[in-house]
file protein-v6.pdb (PDB, C-alpha atoms and all ligand atoms)
ATOM      1  CA  MET Q   1      16.250  18.512  26.601
ATOM      2  CA  ARG Q   2      16.533  15.067  28.129
ATOM      3  CA  PRO Q   3      13.949  12.294  28.327
ATOM      4  CA  GLU Q   4      13.649  12.794  32.083
ATOM      5  CA  ASP Q   5      12.719  16.468  31.577
ATOM      6  CA  LEU Q   6       9.371  15.582  30.047
ATOM      7  CA  ALA Q   7       6.588  13.072  30.397
ATOM      8  CA  PRO Q   8       7.427  10.097  28.128
ATOM      9  CA  VAL Q   9       4.574  10.888  25.767
ATOM     10  CA  ASP Q  10       5.752  14.508  25.386
ATOM     11  CA  PHE Q  11       9.348  13.458  24.785
ATOM     12  CA  TYR Q  12       8.145  11.018  22.142
ATOM     13  CA  LYS Q  13       6.178  13.804  20.435
ATOM     14  CA  LEU Q  14       9.275  16.031  20.512
ATOM     15  CA  LEU Q  15      11.483  13.245  19.147
ATOM     16  CA  ASN Q  16       9.014  12.511  16.382
ATOM     17  CA  SER Q  17       8.998  16.180  15.393
ATOM     18  CA  CYS Q  18      12.801  15.982  15.006
ATOM     19  CA  VAL Q  19      12.942  12.808  12.931
ATOM     20  CA  VAL Q  20      11.209  14.137   9.821
ATOM     21  CA  PRO Q  21       9.915  13.531   7.273
ATOM     22  CA  ARG Q  22       9.202   9.878   7.906
ATOM     23  CA  PRO Q  23       7.991   7.700   5.055
ATOM     24  CA  ILE Q  24       4.838   5.805   5.859
ATOM     25  CA  ALA Q  25       4.532   2.042   5.639
ATOM     26  CA  TRP Q  26       0.889   1.303   4.946
ATOM     27  CA  VAL Q  27       1.026  -2.227   6.276
ATOM     28  CA  SER Q  28      -1.412  -4.789   4.887
ATOM     29  CA  THR Q  29      -1.797  -8.167   6.553
ATOM     30  CA  LEU Q  30      -4.325 -10.948   6.902
ATOM     31  CA  ASP Q  31      -5.394 -12.361  10.220
ATOM     32  CA  GLU Q  32      -5.757 -16.082  10.736
ATOM     33  CA  GLN Q  33      -9.402 -15.876   9.623
ATOM     34  CA  GLY Q  34      -8.366 -14.162   6.399
ATOM     35  CA  ILE Q  35      -9.664 -10.698   7.370
ATOM     36  CA  VAL Q  36      -7.678  -7.841   5.816
ATOM     37  CA  ASN Q  37      -5.889  -5.421   8.121
ATOM     38  CA  LEU Q  38      -4.458  -2.137   6.848
ATOM     39  CA  ALA Q  39      -2.730   0.494   9.035
ATOM     40  CA  PRO Q  40      -0.054   3.206   8.723
ATOM     41  CA  TYR Q  41       3.330   2.992  10.481
ATOM     42  CA  SER Q  42       5.805   5.861  10.125
ATOM     43  CA  LEU Q  43       8.414   4.115  12.268
ATOM     44  CA  PHE Q  44       9.611   2.345   9.125
ATOM     45  CA  MET Q  45      12.983   1.835   7.490
ATOM     46  CA  VAL Q  46      15.350  -0.419   5.513
ATOM     47  CA  VAL Q  47      17.723  -2.103   7.977
ATOM     48  CA  SER Q  48      19.798  -4.468   5.800
ATOM     49  CA  SER Q  49      20.731  -4.580   2.121
ATOM     50  CA  ALA Q  50      21.874  -8.209   1.904
ATOM     51  CA  PRO Q  51      19.523  -9.800   2.538
ATOM     52  CA  PRO Q  52      17.120  -6.927   2.002
ATOM     53  CA  VAL Q  53      15.277  -6.380   5.289
ATOM     54  CA  VAL Q  54      12.777  -3.716   6.289
ATOM     55  CA  MET Q  55      11.164  -2.929   9.628
ATOM     56  CA  PHE Q  56       8.187  -1.190  11.125
ATOM     57  CA  SER Q  57       7.685  -0.642  14.818
ATOM     58  CA  SER Q  58       4.462  -1.126  16.731
ATOM     59  CA  LEU Q  59       4.483   1.009  19.867
ATOM     60  CA  GLN Q  60       3.173  -0.023  23.275
ATOM     61  CA  ARG Q  61       1.986  -3.443  22.143
ATOM     62  CA  GLU Q  62       1.820  -5.740  19.194
ATOM     63  CA  LYS Q  63      -1.006  -3.999  17.387
ATOM     64  CA  ASP Q  64      -3.034  -5.987  14.845
ATOM     65  CA  SER Q  65      -0.486  -5.494  12.029
ATOM     66  CA  ALA Q  66       2.368  -6.858  14.139
ATOM     67  CA  ARG Q  67       0.249  -9.641  15.548
ATOM     68  CA  ASN Q  68      -0.857 -10.722  12.070
ATOM     69  CA  ALA Q  69       2.707 -10.503  10.756
ATOM     70  CA  ARG Q  70       3.733 -12.844  13.555
ATOM     71  CA  ALA Q  71       0.780 -15.225  13.157
ATOM     72  CA  THR Q  72       0.831 -15.550   9.360
ATOM     73  CA  GLY Q  73       4.520 -14.828   8.712
ATOM     74  CA  GLU Q  74       3.729 -12.269   6.029
ATOM     75  CA  PHE Q  75       3.093  -8.584   5.536
ATOM     76  CA  THR Q  76       3.137  -6.037   2.732
ATOM     77  CA  ILE Q  77       4.331  -2.456   2.956
ATOM     78  CA  ASN Q  78       2.408  -0.230   0.589
ATOM     79  CA  VAL Q  79       4.246   3.040   0.002
ATOM     80  CA  THR Q  80       1.863   5.979   0.387
ATOM     81  CA  SER Q  81       1.129   8.850  -1.999
ATOM     82  CA  VAL Q  82      -0.169  12.331  -1.141
ATOM     83  CA  THR Q  83      -3.502  11.562  -2.807
ATOM     84  CA  GLN Q  84      -4.021   8.751  -0.273
ATOM     85  CA  LEU Q  85      -3.707  10.944   2.852
ATOM     86  CA  ALA Q  86      -7.370  10.789   3.909
ATOM     87  CA  GLN Q  87      -7.531   7.014   3.471
ATOM     88  CA  VAL Q  88      -4.179   6.465   5.210
ATOM     89  CA  ASN Q  89      -5.407   8.525   8.138
ATOM     90  CA  ALA Q  90      -8.756   6.726   8.208
ATOM     91  CA  THR Q  91      -7.021   3.354   8.521
ATOM     92  CA  SER Q  92      -5.232   4.508  11.683
ATOM     93  CA  ALA Q  93      -8.522   4.485  13.602
ATOM     94  CA  SER Q  94      -8.754   1.969  16.426
ATOM     95  CA  VAL Q  95     -11.250  -0.628  15.319
ATOM     96  CA  PRO Q  96     -11.792  -4.205  16.494
ATOM     97  CA  ALA Q  97      -9.369  -6.711  15.003
ATOM     98  CA  ASP Q  98     -12.122  -8.438  13.021
ATOM     99  CA  VAL Q  99     -13.006  -5.279  11.064
ATOM    100  CA  ASP Q 100     -11.557  -4.976   7.544
ATOM    101  CA  GLU Q 101     -10.008  -1.485   7.697
ATOM    102  CA  ALA Q 102      -9.412  -1.348   3.957
ATOM    103  CA  LYS Q 103     -13.119  -1.836   3.288
ATOM    104  CA  LEU Q 104     -13.990   0.653   6.036
ATOM    105  CA  ALA Q 105     -11.786   3.343   4.467
ATOM    106  CA  GLY Q 106     -12.831   2.488   0.905
ATOM    107  CA  VAL Q 107      -9.366   1.300  -0.132
ATOM    108  CA  ALA Q 108      -9.381  -1.132  -3.055
ATOM    109  CA  MET Q 109      -7.079  -4.101  -2.544
ATOM    110  CA  GLU Q 110      -5.712  -6.616  -5.016
ATOM    111  CA  PRO Q 111      -4.139 -10.043  -4.480
ATOM    112  CA  GLY Q 112      -0.544 -10.279  -3.354
ATOM    113  CA  THR Q 113       2.043 -11.631  -5.790
ATOM    114  CA  LEU Q 114       4.438 -13.538  -3.499
ATOM    115  CA  VAL Q 115       2.426 -13.379  -0.282
ATOM    116  CA  SER Q 116      -1.143 -14.235   0.572
ATOM    117  CA  CYS Q 117      -1.941 -10.809   2.021
ATOM    118  CA  PRO Q 118      -3.367  -8.326  -0.489
ATOM    119  CA  ARG Q 119      -1.796  -5.013  -1.470
ATOM    120  CA  VAL Q 120      -3.311  -1.584  -1.970
ATOM    121  CA  ALA Q 121      -4.369  -1.545  -5.631
ATOM    122  CA  GLN Q 122      -3.589   2.157  -6.100
ATOM    123  CA  SER Q 123      -0.173   2.133  -4.442
ATOM    124  CA  VAL Q 124       2.683   2.726  -6.868
ATOM    125  CA  VAL Q 125       4.986   0.433  -4.891
ATOM    126  CA  ALA Q 126       4.290  -2.531  -2.612
ATOM    127  CA  ILE Q 127       7.064  -4.362  -0.753
ATOM    128  CA  GLU Q 128       6.060  -7.948  -0.022
ATOM    129  CA  CYS Q 129       7.734  -9.408   3.068
ATOM    130  CA  LYS Q 130       8.164 -12.594   5.018
ATOM    131  CA  THR Q 131       8.292 -11.920   8.750
ATOM    132  CA  ARG Q 132      11.822 -12.542   9.959
ATOM    133  CA  GLU Q 133      11.496 -11.789  13.661
ATOM    134  CA  ILE Q 134       9.875  -9.373  16.076
ATOM    135  CA  GLN Q 135      12.236  -7.699  18.499
ATOM    136  CA  GLN Q 136      10.986  -5.857  21.532
ATOM    137  CA  ILE Q 137      12.995  -2.721  22.228
ATOM    138  CA  GLY Q 138      11.591  -0.726  25.130
ATOM    139  CA  ASN Q 139       7.907  -0.350  24.371
ATOM    140  CA  GLY Q 140       8.461  -0.866  20.635
ATOM    141  CA  PHE Q 141       7.821  -4.143  18.862
ATOM    142  CA  MET Q 142      10.063  -3.998  15.824
ATOM    143  CA  VAL Q 143       8.734  -6.211  13.064
ATOM    144  CA  LEU Q 144      11.551  -7.196  10.719
ATOM    145  CA  GLY Q 145      10.741  -8.611   7.318
ATOM    146  CA  ASN Q 146      12.794 -10.236   4.595
ATOM    147  CA  VAL Q 147      11.841  -8.549   1.339
ATOM    148  CA  LEU Q 148      10.495 -11.212  -1.018
ATOM    149  CA  GLY Q 149       9.779  -8.770  -3.812
ATOM    150  CA  ILE Q 150       8.842  -5.265  -4.850
ATOM    151  CA  VAL Q 151       5.684  -4.936  -6.893
ATOM    152  CA  THR Q 152       5.416  -1.743  -8.936
ATOM    153  CA  ASN Q 153       2.935  -0.305 -11.353
ATOM    154  CA  ASN Q 154       4.083  -1.166 -14.852
ATOM    155  CA  GLY Q 155       6.758   1.100 -16.240
ATOM    156  CA  VAL Q 156       7.454   3.007 -13.038
ATOM    157  CA  ILE Q 157      11.056   1.761 -12.679
ATOM    158  CA  ASN Q 158      13.263   4.032 -14.791
ATOM    159  CA  ASP Q 159      16.313   3.137 -16.905
ATOM    160  CA  LYS Q 160      18.571   3.638 -13.857
ATOM    161  CA  GLY Q 161      16.664   0.899 -12.041
ATOM    162  CA  LEU Q 162      15.000   3.340  -9.642
ATOM    163  CA  VAL Q 163      11.472   4.486  -8.915
ATOM    164  CA  PRO Q 164      11.439   8.279  -9.460
ATOM    165  CA  PRO Q 165      10.099   9.949  -6.293
ATOM    166  CA  GLN Q 166       7.666  11.982  -8.407
ATOM    167  CA  ALA Q 167       6.075   8.730  -9.583
ATOM    168  CA  ILE Q 168       5.213   7.861  -5.999
ATOM    169  CA  ASP Q 169       4.365  11.446  -5.004
ATOM    170  CA  VAL Q 170       5.352  10.210  -1.595
ATOM    171  CA  LEU Q 171       3.390  11.097   1.517
ATOM    172  CA  GLY Q 172       5.461  11.575   4.655
ATOM    173  CA  LYS Q 173       4.723  12.234   8.314
ATOM    174  CA  LEU Q 174       6.027  15.157  10.349
ATOM    175  CA  GLY Q 175       5.479  15.968  14.020
ATOM    176  CA  GLY Q 176       2.003  16.517  15.489
ATOM    177  CA  PRO Q 177      -0.782  16.632  12.911
ATOM    178  CA  LEU Q 178       1.546  17.634  10.068
ATOM    179  CA  TRP Q 179       2.176  15.615   6.944
ATOM    180  CA  ALA Q 180       4.462  16.341   3.995
ATOM    181  CA  GLY Q 181       4.671  15.908   0.266
ATOM    182  CA  LEU Q 182       7.891  15.504  -1.689
ATOM    183  CA  GLY Q 183       8.736  19.185  -2.236
ATOM    184  CA  ASP Q 184      11.903  20.040  -4.165
ATOM    185  CA  THR Q 185      14.418  17.352  -4.990
ATOM    186  CA  ILE Q 186      18.152  18.080  -5.039
ATOM    187  CA  GLN Q 187      20.676  16.160  -7.109
ATOM    188  CA  ALA Q 188      24.182  15.643  -5.730
ATOM    189  CA  ALA Q 189      26.634  12.897  -6.653
ATOM    190  CA  ARG Q 190      28.400  11.130  -3.800
ATOM    191  CA  PRO Q 191      32.126  11.743  -3.428
ATOM    192  CA  GLU Q 192      34.444   9.043  -4.811
TER     193      GLU Q 192
HETATM  194  C1  LIG Q 201       0.679   8.516   9.641
HETATM  195  C2  LIG Q 201       0.586   7.603  10.839
HETATM  196  C3  LIG Q 201       1.705   6.903  11.238
HETATM  197  C4  LIG Q 201       1.647   6.033  12.330
HETATM  198  N1  LIG Q 201       2.785   5.369  12.699
HETATM  199  C5  LIG Q 201       2.729   4.481  13.717
HETATM  200  C6  LIG Q 201       3.901   3.737  14.074
HETATM  201  O1  LIG Q 201       4.957   3.837  13.463
HETATM  202  N2  LIG Q 201       3.796   2.858  15.118
HETATM  203  C7  LIG Q 201       2.627   2.677  15.794
HETATM  204  O2  LIG Q 201       2.595   1.859  16.721
HETATM  205  N3  LIG Q 201       1.506   3.358  15.471
HETATM  206  C8  LIG Q 201       1.532   4.249  14.442
HETATM  207  N4  LIG Q 201       0.395   4.926  14.088
HETATM  208  C9  LIG Q 201      -0.872   4.585  14.752
HETATM  209  C10 LIG Q 201      -1.455   3.286  14.151
HETATM  210  O3  LIG Q 201      -1.699   3.428  12.754
HETATM  211  C11 LIG Q 201      -2.782   2.950  14.868
HETATM  212  O4  LIG Q 201      -2.512   2.636  16.228
HETATM  213  C12 LIG Q 201      -3.538   1.822  14.194
HETATM  214  O5  LIG Q 201      -4.816   1.682  14.806
HETATM  215  C13 LIG Q 201      -2.824   0.481  14.297
HETATM  216  O6  LIG Q 201      -3.599  -0.433  13.548
HETATM  217  P1  LIG Q 201      -3.504  -1.996  13.660
HETATM  218  O7  LIG Q 201      -3.859  -2.375  15.092
HETATM  219  O8  LIG Q 201      -4.544  -2.448  12.652
HETATM  220  O9  LIG Q 201      -2.114  -2.424  13.268
HETATM  221  C14 LIG Q 201       0.435   5.844  13.024
HETATM  222  C15 LIG Q 201      -0.706   6.576  12.618
HETATM  223  C16 LIG Q 201      -0.626   7.449  11.547
HETATM  224  C17 LIG Q 201      -1.851   8.217  11.120
END
call {"tool": "encode", "arguments": {"input": "protein-v6.pdb", "output": "structure tokens", "more": "lines below"}}
Ligand SMILES: Cc1cc2nc3c(=O)[nH]c(=O)nc-3n(C[C@H](O)[C@H](O)[C@H](O)COP(=O)(O)O)c2cc1C
result
Amino acid sequence: MRPEDLAPVDFYKLLNSCVVPRPIAWVSTLDEQGIVNLAPYSLFMVVSSAPPVVMFSSLQREKDSARNARATGEFTINVTSVTQLAQVNATSASVPADVDEAKLAGVAMEPGTLVSCPRVAQSVVAIECKTREIQQIGNGFMVLGNVLGIVTNNGVINDKGLVPPQAIDVLGKLGGPLWAGLGDTIQAARPE
């Protein structure tokens, strides 16, 4: 199957059903008036370790999250848990930019630690970022952020310096209307 074999939207759906499961960045930002914006982005990844940089991609245009990240220079990625599915989904609704989506979806927020935008109070992990640049690639607007800090619920980092996946109970996105939980984990050491 090649891109030219399908309508772009259908090829994108196919591609998205192949790149699975995708973790979900629940991006919180403030607009210039201080209104909270919260929306899910599954086009999300770490792109550099030194300095630590993460990205999310806003398709077709700079949606409110990307626009706020550009305007204020800050955003927070709240990592999503299975129990948050309904609220995550609710915050993907298209609403006017001046509507606080967190309030609309009943998501409690708490003040940021290193950034002025708030984080999702119930999220196990929040990654606070300073906007580094926004790169347009095709119809994607890739928002790159320098990681200023990772805020975790007390005690969630284990003695190996990691957050156990079960502590997050991570919520992922699959193709179409499908979502995924963590499922089984497999332990395998990397070769020397
Ligand atoms: C689980 C999930 C993942 C999504 N991932 C993306 C994404 O990576 N990029 C994107 O542009 N839209 C994505 N969307 C759609 C946006 O969340 C939606 O367009 C939202 O209204 C954008 O909000 P904003 O304008 O407040 O940023 C996703 C929706 C859901 C439910």
call {"tool": "closest_atom_pairs", "arguments": {"input": "protein-v6.pdb", "of": "chain Q", "to": "ligand LIG 201 (chain Q)", "cutoff": "6 Å", "atoms": "all atoms listed in the file", "output": "Markdown table"}}
result
| residue | atom | partner | partner_atom | distance |
| --- | --- | --- | --- | --- |
| Q:Asn37 | CA | Q:LIG201 | O8 | 5.6 |
| Q:Leu38 | CA | Q:LIG201 | O8 | 5.8 |
| Q:Ala39 | CA | Q:LIG201 | O6 | 4.7 |
| Q:Pro40 | CA | Q:LIG201 | O3 | 4.4 |
| Q:Tyr41 | CA | Q:LIG201 | N1 | 3.3 |
| Q:Ser42 | CA | Q:LIG201 | O1 | 4.0 |
| Q:Leu43 | CA | Q:LIG201 | O1 | 3.7 |
| Q:Ser57 | CA | Q:LIG201 | N2 | 5.2 |
| Q:Ser58 | CA | Q:LIG201 | O2 | 3.5 |
| Q:Leu59 | CA | Q:LIG201 | O2 | 3.8 |
| Q:Lys63 | CA | Q:LIG201 | O7 | 4.0 |
| Q:Asp64 | CA | Q:LIG201 | O7 | 3.7 |
| Q:Ser65 | CA | Q:LIG201 | O9 | 3.7 |
| Q:Asn89 | CA | Q:LIG201 | C17 | 4.7 |
| Q:Ser92 | CA | Q:LIG201 | O3 | 3.8 |
| Q:Ala93 | CA | Q:LIG201 | O5 | 4.8 |
| Q:Ser94 | CA | Q:LIG201 | O5 | 4.3 |
| Q:Lys173 | CA | Q:LIG201 | C1 | 5.7 |
call {"tool": "atom_distance", "arguments": {"input": "protein-v6.pdb", "atom1": "CA of Tyr12 (chain Q)", "atom2": "CA of Asn68 (chain Q)"}}
result
25.6 Å
call {"tool": "closest_residue", "arguments": {"input": "protein-v6.pdb", "among": "Q:Gly181, Q:Pro96, Q:Pro165, Q:Pro21", "to": "Val125 (chain Q)", "atoms": "all atoms listed in the file"}}
result
Q:Pro165
call {"tool": "atom_distance", "arguments": {"input": "protein-v6.pdb", "atom1": "CA of Gln166 (chain Q)", "atom2": "CA of Glu110 (chain Q)"}}
result
23.2 Å
call {"tool": "atom_distance", "arguments": {"input": "protein-v6.pdb", "atom1": "CA of Val88 (chain Q)", "atom2": "CA of Gly161 (chain Q)"}}
result
27.6 Å
call {"tool": "closest_residue", "arguments": {"input": "protein-v6.pdb", "among": "Q:Leu174, Q:Val124, Q:Ile134, Q:Val95", "to": "Asn154 (chain Q)", "atoms": "all atoms listed in the file"}}
result
Q:Val124
call {"tool": "resolve_selection", "arguments": {"input": "protein-v6.pdb", "expression": "the PyMOL selection byres (((chain Q and resi 136-142) around 10) and not hetatm)", "output": "PyMOL selection string"}}
result
chain Q and resi 43-44+54-63+66-67+133-135+143-145
call {"tool": "closest_residue", "arguments": {"input": "protein-v6.pdb", "among": "Q:Val147, Q:Leu30, Q:Ile127, Q:Leu85", "to": "Asp98 (chain Q)", "atoms": "only C-alpha atoms"}}
result
Q:Leu30
call {"tool": "resolve_selection", "arguments": {"input": "protein-v6.pdb", "expression": "the PyMOL selection byres (((chain Q and resi 25) around 6) and not hetatm)", "output": "list in words"}}
result
Ile24, Trp26, Val27, Pro40, Tyr41, Ile77, Asn78 and Val79 of chain Q
call {"tool": "closest_residue", "arguments": {"input": "protein-v6.pdb", "among": "Q:Arg70, Q:Lys13, Q:Arg2, Q:Lys103", "to": "Ile35 (chain Q)", "atoms": "only C-alpha atoms"}}
result
Q:Lys103
call {"tool": "residues_around", "arguments": {"input": "protein-v6.pdb", "residues": "Leu148 (chain Q)", "least_positions_apart": "5", "cutoff": "8 Å", "atoms": "all atoms listed in the file", "output": "list of chain:residue names"}}
result
Q:Leu114, Q:Ile127, Q:Glu128, Q:Cys129, Q:Lys130
call {"tool": "closest_residue", "arguments": {"input": "protein-v6.pdb", "among": "Q:Asp31, Q:Asp159, Q:Asp10, Q:Asp5", "to": "Pro118 (chain Q)", "atoms": "only C-alpha atoms"}}
result
Q:Asp31
call {"tool": "resolve_selection", "arguments": {"input": "protein-v6.pdb", "expression": "the PyMOL selection byres (((chain Q and resi 150) around 6) and not hetatm)", "output": "MDAnalysis selection string"}}
result
chainID Q and resid 126:127 149 151
call {"tool": "closest_residue", "arguments": {"input": "protein-v6.pdb", "among": "Q:Pro23, Q:Pro164, Q:Gly106, Q:Gly73", "to": "Gln122 (chain Q)", "atoms": "only C-alpha atoms"}}
result
Q:Gly106
